[in-house]
>>> print(open('my_file01.pdb').read())   # PDB, C-alpha atoms
ATOM      1  CA  MET A1105      22.687-266.652  21.580
ATOM      2  CA  ARG A1106      23.555-263.171  22.839
ATOM      3  CA  ALA A1107      24.396-260.674  20.101
ATOM      4  CA  TYR A1108      27.973-259.402  20.032
ATOM      5  CA  TRP A1109      26.946-256.181  18.282
ATOM      6  CA  LYS A1110      23.699-254.563  17.108
ATOM      7  CA  GLY A1111      23.246-251.951  14.403
ATOM      8  CA  HIS A1112      22.359-251.443  10.746
ATOM      9  CA  LEU A1113      23.675-252.808   7.472
ATOM     10  CA  ARG A1114      23.614-250.044   4.861
ATOM     11  CA  LEU A1115      23.576-250.427   1.080
ATOM     12  CA  SER A1116      23.355-246.900  -0.309
ATOM     13  CA  LEU A1117      19.995-245.575   1.022
ATOM     14  CA  VAL A1118      18.830-249.019   2.193
ATOM     15  CA  ALA A1119      19.378-249.728   5.891
ATOM     16  CA  ILE A1120      18.323-252.891   7.710
ATOM     17  CA  ALA A1121      18.662-253.738  11.388
ATOM     18  CA  VAL A1122      21.139-256.556  12.019
ATOM     19  CA  GLU A1123      22.871-258.422  14.824
ATOM     20  CA  LEU A1124      26.373-259.824  14.941
ATOM     21  CA  HIS A1125      27.128-263.200  16.532
ATOM     22  CA  ALA A1126      30.486-264.928  17.028
ATOM     23  CA  ALA A1127      31.055-267.687  14.469
ATOM     24  CA  THR A1128      33.766-269.468  16.428
ATOM     25  CA  THR A1129      34.024-270.901  19.929
ATOM     26  CA  SER A1130      36.918-271.809  22.176
ATOM     27  CA  ALA A1131      34.726-273.867  24.541
ATOM     28  CA  SER A1132      36.005-277.140  23.066
ATOM     29  CA  ARG A1133      39.614-276.279  23.887
ATOM     30  CA  LEU A1134      40.925-276.981  27.359
ATOM     31  CA  GLY A1135      42.891-274.223  29.034
ATOM     32  CA  LEU A1136      45.775-275.161  31.335
ATOM     33  CA  HIS A1137      46.768-273.055  34.347
ATOM     34  CA  GLN A1138      50.066-272.843  36.195
ATOM     35  CA  LEU A1139      49.760-274.223  39.746
ATOM     36  CA  ASP A1140      51.889-274.445  42.849
ATOM     37  CA  LYS A1141      52.956-278.100  43.054
ATOM     38  CA  LYS A1142      52.716-278.237  46.862
ATOM     39  CA  THR A1143      49.399-276.465  47.479
ATOM     40  CA  GLY A1144      47.681-276.966  44.121
ATOM     41  CA  LYS A1145      46.704-273.284  44.068
ATOM     42  CA  ARG A1146      46.909-271.139  40.946
ATOM     43  CA  ILE A1147      49.937-268.967  40.315
ATOM     44  CA  ARG A1148      49.029-265.275  40.287
ATOM     45  CA  TYR A1149      51.025-262.483  38.711
ATOM     46  CA  GLU A1150      51.591-259.117  40.323
ATOM     47  CA  LYS A1151      52.231-255.857  38.488
ATOM     48  CA  ILE A1152      55.669-254.718  39.625
ATOM     49  CA  VAL A1153      58.394-252.275  38.634
ATOM     50  CA  PRO A1154      61.949-253.673  38.826
ATOM     51  CA  GLY A1155      63.689-252.196  41.846
ATOM     52  CA  LYS A1156      60.484-250.682  43.211
ATOM     53  CA  GLY A1157      58.080-253.543  43.742
ATOM     54  CA  LYS A1158      54.303-253.749  43.429
ATOM     55  CA  VAL A1159      52.485-250.855  41.749
ATOM     56  CA  ALA A1160      48.980-249.720  42.716
ATOM     57  CA  ASP A1161      46.373-249.793  39.951
ATOM     58  CA  ASP A1162      45.861-246.011  40.303
ATOM     59  CA  ASN A1163      49.485-245.423  39.304
ATOM     60  CA  ILE A1164      49.356-247.523  36.133
ATOM     61  CA  VAL A1165      49.072-245.636  32.849
ATOM     62  CA  LYS A1166      49.315-246.679  29.209
ATOM     63  CA  GLY A1167      52.124-245.719  26.874
ATOM     64  CA  PHE A1168      53.475-246.260  23.380
ATOM     65  CA  GLU A1169      57.008-247.658  23.176
ATOM     66  CA  LEU A1170      59.452-245.657  21.060
ATOM     67  CA  GLY A1171      62.358-248.034  21.595
ATOM     68  CA  SER A1172      65.300-248.259  23.997
ATOM     69  CA  GLY A1173      62.915-248.299  26.952
ATOM     70  CA  LYS A1174      61.410-244.912  26.093
ATOM     71  CA  HIS A1175      57.632-244.436  26.021
ATOM     72  CA  VAL A1176      55.094-241.760  25.217
ATOM     73  CA  ILE A1177      52.652-241.744  28.132
ATOM     74  CA  LEU A1178      48.981-241.434  27.211
ATOM     75  CA  THR A1179      46.412-240.437  29.822
ATOM     76  CA  PRO A1180      42.923-242.004  30.024
ATOM     77  CA  GLU A1181      41.449-238.619  29.061
ATOM     78  CA  GLU A1182      43.579-238.422  25.908
ATOM     79  CA  LEU A1183      42.636-241.942  24.886
ATOM     80  CA  GLU A1184      38.966-241.256  25.518
ATOM     81  CA  HIS A1185      39.154-238.100  23.399
ATOM     82  CA  ILE A1186      40.354-239.950  20.283
ATOM     83  CA  LYS A1187      38.090-242.948  20.878
ATOM     84  CA  LEU A1188      35.604-243.296  18.048
ATOM     85  CA  GLU A1189      31.970-242.820  18.877
ATOM     86  CA  THR A1190      30.048-246.054  18.615
ATOM     87  CA  LYS A1191      28.769-246.014  15.065
ATOM     88  CA  HIS A1192      25.960-248.523  14.882
ATOM     89  CA  SER A1193      26.159-249.119  11.147
ATOM     90  CA  ILE A1194      28.078-251.100   8.553
ATOM     91  CA  ASP A1195      28.318-249.088   5.350
ATOM     92  CA  LEU A1196      29.057-251.257   2.312
ATOM     93  CA  ALA A1197      31.172-248.830   0.299
ATOM     94  CA  GLN A1198      32.690-251.201  -2.273
ATOM     95  CA  PHE A1199      32.094-254.646  -3.767
ATOM     96  CA  VAL A1200      34.831-257.034  -4.874
ATOM     97  CA  ASP A1201      35.162-260.618  -6.054
ATOM     98  CA  TYR A1202      35.527-262.616  -2.857
ATOM     99  CA  CYS A1203      38.453-264.633  -4.219
ATOM    100  CA  ASP A1204      40.320-261.367  -4.895
ATOM    101  CA  ILE A1205      40.767-260.731  -1.171
ATOM    102  CA  ASP A1206      44.185-261.956  -0.070
ATOM    103  CA  PRO A1207      43.609-264.653   2.656
ATOM    104  CA  ARG A1208      46.186-262.925   4.851
ATOM    105  CA  TYR A1209      43.733-260.093   5.413
ATOM    106  CA  PHE A1210      41.047-262.275   7.026
ATOM    107  CA  GLU A1211      41.014-262.012  10.810
ATOM    108  CA  ARG A1212      37.798-263.226  12.522
ATOM    109  CA  PRO A1213      34.400-264.474  11.260
ATOM    110  CA  TYR A1214      30.978-263.476  12.575
ATOM    111  CA  TYR A1215      27.409-264.401  11.630
ATOM    112  CA  LEU A1216      25.300-261.430  10.544
ATOM    113  CA  VAL A1217      21.543-261.937  10.976
ATOM    114  CA  PRO A1218      18.420-259.735  10.676
ATOM    115  CA  ALA A1219      17.422-258.199  13.995
ATOM    116  CA  ASP A1220      13.672-258.615  13.438
ATOM    117  CA  GLU A1221      11.013-259.723  10.943
ATOM    118  CA  VAL A1222      10.781-256.239   9.421
ATOM    119  CA  SER A1223      14.472-256.381   8.440
ATOM    120  CA  ALA A1224      14.326-259.933   7.092
ATOM    121  CA  GLU A1225      13.138-259.013   3.589
ATOM    122  CA  GLY A1226      15.884-256.434   2.983
ATOM    123  CA  TYR A1227      18.411-258.852   4.447
ATOM    124  CA  VAL A1228      17.413-261.590   1.980
ATOM    125  CA  VAL A1229      17.529-259.129  -0.937
ATOM    126  CA  ILE A1230      21.146-258.191  -0.104
ATOM    127  CA  ARG A1231      22.084-261.850   0.397
ATOM    128  CA  GLU A1232      20.614-262.908  -2.953
ATOM    129  CA  ALA A1233      22.199-259.950  -4.771
ATOM    130  CA  LEU A1234      25.624-260.856  -3.367
ATOM    131  CA  LYS A1235      25.103-264.491  -4.383
ATOM    132  CA  ALA A1236      24.096-263.562  -7.925
ATOM    133  CA  THR A1237      27.033-261.220  -8.427
ATOM    134  CA  LYS A1238      29.485-263.434  -6.488
ATOM    135  CA  LYS A1239      30.687-260.368  -4.645
ATOM    136  CA  ALA A1240      31.643-259.431  -1.102
ATOM    137  CA  GLY A1241      30.712-256.065   0.337
ATOM    138  CA  ILE A1242      33.591-254.100   1.876
ATOM    139  CA  GLY A1243      32.943-251.549   4.587
ATOM    140  CA  GLN A1244      33.883-250.328   8.042
ATOM    141  CA  MET A1245      32.244-250.625  11.421
ATOM    142  CA  THR A1246      33.084-249.524  14.945
ATOM    143  CA  MET A1247      33.291-252.062  17.760
ATOM    144  CA  ARG A1248      34.441-251.144  21.255
ATOM    145  CA  GLY A1249      35.790-247.807  20.136
ATOM    146  CA  LYS A1250      37.894-249.203  17.297
ATOM    147  CA  GLU A1251      37.201-248.984  13.591
ATOM    148  CA  ASN A1252      37.302-252.317  11.780
ATOM    149  CA  LEU A1253      37.590-253.083   8.090
ATOM    150  CA  VAL A1254      35.039-255.797   7.220
ATOM    151  CA  ALA A1255      33.877-258.007   4.343
ATOM    152  CA  VAL A1256      30.277-259.279   4.079
ATOM    153  CA  LYS A1257      29.454-262.305   1.910
ATOM    154  CA  PRO A1258      26.715-264.949   1.601
ATOM    155  CA  CYS A1259      27.018-267.987   3.858
ATOM    156  CA  GLY A1260      24.329-270.644   3.470
ATOM    157  CA  ASP A1261      20.999-269.009   4.314
ATOM    158  CA  GLY A1262      22.668-266.000   5.902
ATOM    159  CA  LEU A1263      25.537-263.563   5.710
ATOM    160  CA  LEU A1264      29.063-263.934   7.048
ATOM    161  CA  LEU A1265      30.974-260.876   8.221
ATOM    162  CA  GLU A1266      34.737-261.171   8.497
ATOM    163  CA  THR A1267      36.925-258.542  10.082
ATOM    164  CA  LEU A1268      39.935-257.745   7.925
ATOM    165  CA  ARG A1269      43.419-256.526   8.717
ATOM    166  CA  TYR A1270      44.487-253.151   7.382
ATOM    167  CA  SER A1271      47.259-253.111   4.776
ATOM    168  CA  ASP A1272      49.894-251.795   7.184
ATOM    169  CA  GLU A1273      49.296-254.752   9.520
ATOM    170  CA  LEU A1274      50.775-257.255   7.061
ATOM    171  CA  ARG A1275      54.486-257.970   6.925
ATOM    172  CA  LYS A1276      56.183-257.900   3.549
ATOM    173  CA  SER A1277      57.095-261.394   2.381
ATOM    174  CA  ASP A1278      59.932-260.386   0.032
ATOM    175  CA  LYS A1279      62.793-260.729   2.511
ATOM    176  CA  ILE A1280      61.409-263.920   4.027
ATOM    177  CA  PHE A1281      60.950-265.604   0.633
ATOM    178  CA  ASP A1282      64.464-264.568  -0.419
ATOM    179  CA  ARG A1283      65.625-267.850   1.140
ATOM    180  CA  VAL A1284      63.563-269.871  -1.336
ATOM    181  CA  PRO A1285      65.801-271.179  -4.158
ATOM    182  CA  ASN A1286      65.008-269.953  -7.660
ATOM    183  CA  LYS A1287      66.290-273.099  -9.381
ATOM    184  CA  ARG A1288      63.398-274.990 -10.966
ATOM    185  CA  PRO A1289      63.170-278.709  -9.988
ATOM    186  CA  GLN A1290      63.136-281.528 -12.521
ATOM    187  CA  LYS A1291      59.991-281.705 -14.647
ATOM    188  CA  ASP A1292      59.396-285.355 -13.667
ATOM    189  CA  MET A1293      59.372-284.450  -9.972
ATOM    190  CA  ILE A1294      56.799-281.697 -10.506
ATOM    191  CA  GLU A1295      54.590-284.043 -12.547
ATOM    192  CA  LEU A1296      54.717-286.693  -9.813
ATOM    193  CA  ALA A1297      53.787-284.063  -7.208
ATOM    194  CA  GLU A1298      50.904-282.907  -9.433
ATOM    195  CA  GLU A1299      49.640-286.479  -9.762
ATOM    196  CA  LEU A1300      49.793-286.943  -6.002
ATOM    197  CA  ILE A1301      47.844-283.695  -5.471
ATOM    198  CA  GLU A1302      45.192-284.756  -8.002
ATOM    199  CA  ARG A1303      44.730-288.130  -6.279
ATOM    200  CA  LYS A1304      44.262-286.511  -2.892
ATOM    201  CA  SER A1305      42.001-283.704  -4.130
ATOM    202  CA  GLY A1306      38.357-283.464  -3.083
ATOM    203  CA  PRO A1307      35.785-281.290  -1.277
ATOM    204  CA  PHE A1308      36.946-279.673   1.948
ATOM    205  CA  LYS A1309      35.528-281.652   4.900
ATOM    206  CA  PRO A1310      36.860-280.138   8.144
ATOM    207  CA  GLU A1311      35.047-282.738  10.267
ATOM    208  CA  VAL A1312      37.438-285.376   8.924
ATOM    209  CA  PHE A1313      40.388-283.694  10.645
ATOM    210  CA  LYS A1314      40.556-284.211  14.400
ATOM    211  CA  ASP A1315      42.469-282.344  17.081
ATOM    212  CA  HIS A1316      44.423-285.368  18.309
ATOM    213  CA  TYR A1317      46.262-283.445  21.032
ATOM    214  CA  GLY A1318      43.057-281.777  22.236
ATOM    215  CA  ASN A1319      41.187-285.096  22.368
ATOM    216  CA  ALA A1320      44.071-286.782  24.191
ATOM    217  CA  LEU A1321      44.167-283.892  26.683
ATOM    218  CA  LYS A1322      40.436-284.231  27.384
ATOM    219  CA  ALA A1323      40.825-287.988  27.868
ATOM    220  CA  LEU A1324      43.757-287.389  30.196
ATOM    221  CA  VAL A1325      41.790-284.918  32.324
ATOM    222  CA  ALA A1326      38.794-287.266  32.465
ATOM    223  CA  GLU A1327      41.021-290.157  33.548
ATOM    224  CA  LYS A1328      42.698-288.073  36.244
ATOM    225  CA  ARG A1329      39.314-286.986  37.603
ATOM    226  CA  LYS A1330      38.046-290.561  37.681
ATOM    227  CA  LYS A1331      41.059-292.508  38.955
ATOM    228  CA  GLY A1332      43.525-289.933  40.188
ATOM    229  CA  LYS A1333      46.242-291.545  38.128
ATOM    230  CA  VAL A1334      47.211-292.019  34.514
ATOM    231  CA  THR A1335      48.114-295.241  32.763
ATOM    232  CA  GLU A1336      51.316-295.187  30.783
ATOM    233  CA  ALA A1337      50.886-295.260  27.028
ATOM    234  CA  GLU A1338      53.617-296.807  24.953
ATOM    235  CA  GLU A1339      55.033-294.479  22.358
ATOM    236  CA  GLU A1340      55.827-295.901  18.998
ATOM    237  CA  GLU A1341      58.682-294.344  17.120
ATOM    238  CA  SER A1342      57.982-293.055  13.646
ATOM    239  CA  PRO A1343      59.910-294.955  11.010
ATOM    240  CA  ARG A1344      63.039-293.035  10.042
ATOM    241  CA  PRO A1345      65.233-293.626   7.032
ATOM    242  CA  LYS A1346      68.382-295.533   7.762
ATOM    243  CA  GLY A1347      71.737-294.002   7.069
ATOM    244  CA  ASP A1348      71.783-290.400   5.892
ATOM    245  CA  ASN A1349      68.986-287.984   6.829
ATOM    246  CA  VAL A1350      68.791-286.841   3.242
ATOM    247  CA  ILE A1351      65.754-288.448   1.567
ATOM    248  CA  ASP A1352      65.684-289.094  -2.154
ATOM    249  CA  LEU A1353      62.829-286.773  -3.084
ATOM    250  CA  MET A1354      62.179-288.421  -6.426
ATOM    251  CA  GLU A1355      61.978-291.873  -4.797
ATOM    252  CA  ALA A1356      59.656-290.564  -2.062
ATOM    253  CA  LEU A1357      57.328-289.050  -4.646
ATOM    254  CA  LYS A1358      57.246-292.261  -6.663
ATOM    255  CA  LYS A1359      56.386-294.317  -3.573
ATOM    256  CA  SER A1360      53.678-291.838  -2.586
ATOM    257  CA  VAL A1361      52.063-291.999  -6.004
ATOM    258  CA  SER A1362      52.255-295.793  -6.097
ATOM    259  CA  GLY A1363      50.564-296.014  -2.696
ATOM    260  CA  LYS A1364      53.475-297.624  -0.844
ATOM    261  CA  ALA A1365      53.554-294.815   1.695
ATOM    262  CA  LYS A1366      50.151-295.747   3.175
ATOM    263  CA  SER A1367      51.690-297.978   5.802
ATOM    264  CA  ALA A1368      53.465-294.996   7.357
ATOM    265  CA  ALA A1369      50.171-293.711   8.735
ATOM    266  CA  LYS A1370      49.311-296.937  10.628
ATOM    267  CA  PRO A1371      51.656-296.574  13.646
ATOM    268  CA  ARG A1372      50.140-293.202  14.588
ATOM    269  CA  LYS A1373      46.620-294.640  14.508
ATOM    270  CA  THR A1374      47.658-297.440  16.868
ATOM    271  CA  ALA A1375      49.338-294.993  19.238
ATOM    272  CA  ARG A1376      46.158-292.917  19.464
ATOM    273  CA  LYS A1377      44.082-295.980  20.338
ATOM    274  CA  ARG A1378      46.399-296.864  23.205
ATOM    275  CA  ALA A1379      46.356-293.307  24.512
ATOM    276  CA  ARG A1380      42.564-293.418  24.885
ATOM    277  CA  ARG A1381      42.591-296.387  27.254
TER
END
>>> encode(input="my_file01.pdb", output="structure tokens")
Amino acid sequence: MRAYWKGHLRLSLVAIAVELHAATTSASRLGLHQLDKKTGKRIRYEKIVPGKGKVADDNIVKGFELGSGKHVILTPEELEHIKLETKHSIDLAQFVDYCDIDPRYFERPYYLVPADEVSAEGYVVIREALKATKKAGIGQMTMRGKENLVAVKPCGDGLLLETLRYSDELRKSDKIFDRVPNKRPQKDMIELAEELIERKSGPFKPEVFKDHYGNALKALVAEKRKKGKVTEAEEEESPRPKGDNVIDLMEALKKSVSGKAKSAAKPRKTARKRARR
């Protein structure tokens, strides 16, 4: 696998050569393009100015929007001047309990591996020290001219590096959560919800959850390639409560706890089977 970034991981005066590899892939997701219905050719977009028409690439500059259609124009030379020099190191400046990092800060995961056999010993020492202390190392690194805040923690036999958002990138939740009612629900309802959560609790197994839309899309594409047509799949309507749309929450919780709600999941399973034909 080709390394995304190469450099050094620094812990005080200790520096080891490392490589960064992407931990996620989008290869399993199908991308859809917009096509011309008559010719089957892809739709292309041109860069235009309203009232003027197409603009040559040489005349396109970057700018920061101030509002009301006003921009501060920035030249390539100005942007290059402030661009950070590629700093090929990750300096672990602070260590925190991993669970203390707000999940909203996590952005993208990467695998961090030793670059060679010489670096392997120091790499394992840092990994084991982080495991023993149950800490994550916080630092900064430069990728493609931009400085990123990162967290490094143990992951199996290796280290996981996650890029983090800066504090000013998060929206305040106060105004959004103002809509949430402050009135506390009945104690019995909370206890029923707690019991339901306990019954459905267990280790996280992501492989159990399937991308039903993605799988159906792949099957649809495969069928179109093979036959040139698609068979119609009958859609089954989800059971809806009769009468008012307002559901008795207490009654729904009781049924969920007693196991009577299991039958509601069966129609969807049947619909998926028909869609695969």
>>> residues_around(input="my_file01.pdb", residues="region 1221-1235 of chain A", least_positions_apart="5", cutoff="10 Å", atoms="only C-alpha atoms", output="VMD selection string")
chain A and resid 1112 to 1115 1118 to 1122 1199 1201 1216 1240 to 1241 1256 to 1264
>>> residues_near_point(input="my_file01.pdb", point="(30.9, -266.3, 14.4)", cutoff="12 Å", atoms="all atoms listed in the file", output="number ranges by chain")
A: 1105-1109, 1123-1130, 1211-1217, 1259, 1262-1267
>>> atom_distance(input="my_file01.pdb", atom1="CA of Ala1236 (chain A)", atom2="CA of Pro1207 (chain A)")
22.2 Å
>>> closest_residue(input="my_file01.pdb", among="A:Ser1116, A:Asp1162, A:Asp1315, A:Glu1251", to="His1192 (chain A)", atoms="all atoms listed in the file")
A:Glu1251
>>> atom_distance(input="my_file01.pdb", atom1="CA of His1185 (chain A)", atom2="CA of Met1245 (chain A)")
18.7 Å
>>> axis_aligned_box(input="my_file01.pdb", around="region 1165-1177 of chain A", padding_each_side="6 Å", output="JSON")
{"center_x": 57.2, "center_y": -245.0, "center_z": 27.0, "size_x": 28.2, "size_y": 18.6, "size_z": 23.8}
>>> atom_distance(input="my_file01.pdb", atom1="CA of Leu1188 (chain A)", atom2="CA of Gly1243 (chain A)")
16.0 Å
>>> resolve_selection(input="my_file01.pdb", expression="the PyMOL selection byres ((chain A and resi 1270) around 9)", output="PDB file with C-alpha atoms, keeping the file's coordinate frame")
ATOM      1  CA  TYR A1209      43.733-260.093   5.413  1.00  0.00           C
ATOM      2  CA  ASN A1252      37.302-252.317  11.780  1.00  0.00           C
ATOM      3  CA  LEU A1253      37.590-253.083   8.090  1.00  0.00           C
ATOM      4  CA  LEU A1268      39.935-257.745   7.925  1.00  0.00           C
ATOM      5  CA  ARG A1269      43.419-256.526   8.717  1.00  0.00           C
ATOM      6  CA  SER A1271      47.259-253.111   4.776  1.00  0.00           C
ATOM      7  CA  ASP A1272      49.894-251.795   7.184  1.00  0.00           C
ATOM      8  CA  GLU A1273      49.296-254.752   9.520  1.00  0.00           C
ATOM      9  CA  LEU A1274      50.775-257.255   7.061  1.00  0.00           C
TER      10      LEU A1274
END
>>> resolve_selection(input="my_file01.pdb", expression="the PyMOL selection byres ((chain A and resi 1177) around 10)", output="list in words")
Val1165, Lys1166, Gly1167, Phe1168, Glu1169, Lys1174, His1175, Val1176, Leu1178, Thr1179, Pro1180 and Glu1182 of chain A
>>> decode(input="my_file01.pdb", residues="region 1246-1292 of chain A", atoms="C-alpha atoms", output="PDB file, in the first residue's frame")
ATOM      1  CA  THR A1246       1.691  19.371   8.208  1.00  0.00           C
ATOM      2  CA  MET A1247       0.088  17.685   5.208  1.00  0.00           C
ATOM      3  CA  ARG A1248      -0.193  19.375   1.826  1.00  0.00           C
ATOM      4  CA  GLY A1249       0.684  22.759   3.236  1.00  0.00           C
ATOM      5  CA  LYS A1250      -1.914  22.678   6.007  1.00  0.00           C
ATOM      6  CA  GLU A1251      -1.327  22.153   9.701  1.00  0.00           C
ATOM      7  CA  ASN A1252      -3.444  19.409  11.248  1.00  0.00           C
ATOM      8  CA  LEU A1253      -4.232  18.684  14.872  1.00  0.00           C
ATOM      9  CA  VAL A1254      -3.827  14.927  15.464  1.00  0.00           C
ATOM     10  CA  ALA A1255      -4.290  12.245  18.130  1.00  0.00           C
ATOM     11  CA  VAL A1256      -2.167   9.062  18.205  1.00  0.00           C
ATOM     12  CA  LYS A1257      -3.369   5.985  20.110  1.00  0.00           C
ATOM     13  CA  PRO A1258      -2.757   2.216  20.144  1.00  0.00           C
ATOM     14  CA  CYS A1259      -4.750   0.144  17.664  1.00  0.00           C
ATOM     15  CA  GLY A1260      -4.187  -3.613  17.776  1.00  0.00           C
ATOM     16  CA  ASP A1261      -0.519  -4.227  16.982  1.00  0.00           C
ATOM     17  CA  GLY A1262      -0.020  -0.705  15.676  1.00  0.00           C
ATOM     18  CA  LEU A1263      -0.874   2.938  16.128  1.00  0.00           C
ATOM     19  CA  LEU A1264      -3.889   4.848  14.852  1.00  0.00           C
ATOM     20  CA  LEU A1265      -3.567   8.522  13.969  1.00  0.00           C
ATOM     21  CA  GLU A1266      -6.754  10.552  13.764  1.00  0.00           C
ATOM     22  CA  THR A1267      -6.899  14.080  12.443  1.00  0.00           C
ATOM     23  CA  LEU A1268      -8.898  16.345  14.729  1.00  0.00           C
ATOM     24  CA  ARG A1269     -10.945  19.458  14.120  1.00  0.00           C
ATOM     25  CA  TYR A1270      -9.825  22.688  15.742  1.00  0.00           C
ATOM     26  CA  SER A1271     -12.096  24.171  18.410  1.00  0.00           C
ATOM     27  CA  ASP A1272     -13.361  26.980  16.178  1.00  0.00           C
ATOM     28  CA  GLU A1273     -14.581  24.442  13.604  1.00  0.00           C
ATOM     29  CA  LEU A1274     -17.327  23.134  15.895  1.00  0.00           C
ATOM     30  CA  ARG A1275     -20.734  24.765  16.066  1.00  0.00           C
ATOM     31  CA  LYS A1276     -22.145  25.572  19.477  1.00  0.00           C
ATOM     32  CA  SER A1277     -24.991  23.233  20.390  1.00  0.00           C
ATOM     33  CA  ASP A1278     -26.730  25.549  22.879  1.00  0.00           C
ATOM     34  CA  LYS A1279     -29.163  27.173  20.453  1.00  0.00           C
ATOM     35  CA  ILE A1280     -29.915  23.916  18.658  1.00  0.00           C
ATOM     36  CA  PHE A1281     -30.642  22.033  21.897  1.00  0.00           C
ATOM     37  CA  ASP A1282     -32.872  24.876  23.113  1.00  0.00           C
ATOM     38  CA  ARG A1283     -35.718  23.066  21.331  1.00  0.00           C
ATOM     39  CA  VAL A1284     -35.336  20.030  23.589  1.00  0.00           C
ATOM     40  CA  PRO A1285     -37.989  20.101  26.355  1.00  0.00           C
ATOM     41  CA  ASN A1286     -36.716  20.336  29.921  1.00  0.00           C
ATOM     42  CA  LYS A1287     -39.666  18.454  31.422  1.00  0.00           C
ATOM     43  CA  ARG A1288     -38.517  15.097  32.783  1.00  0.00           C
ATOM     44  CA  PRO A1289     -40.524  12.064  31.511  1.00  0.00           C
ATOM     45  CA  GLN A1290     -42.247   9.596  33.815  1.00  0.00           C
ATOM     46  CA  LYS A1291     -39.886   7.415  35.842  1.00  0.00           C
ATOM     47  CA  ASP A1292     -41.559   4.219  34.565  1.00  0.00           C
TER      48      ASP A1292
END
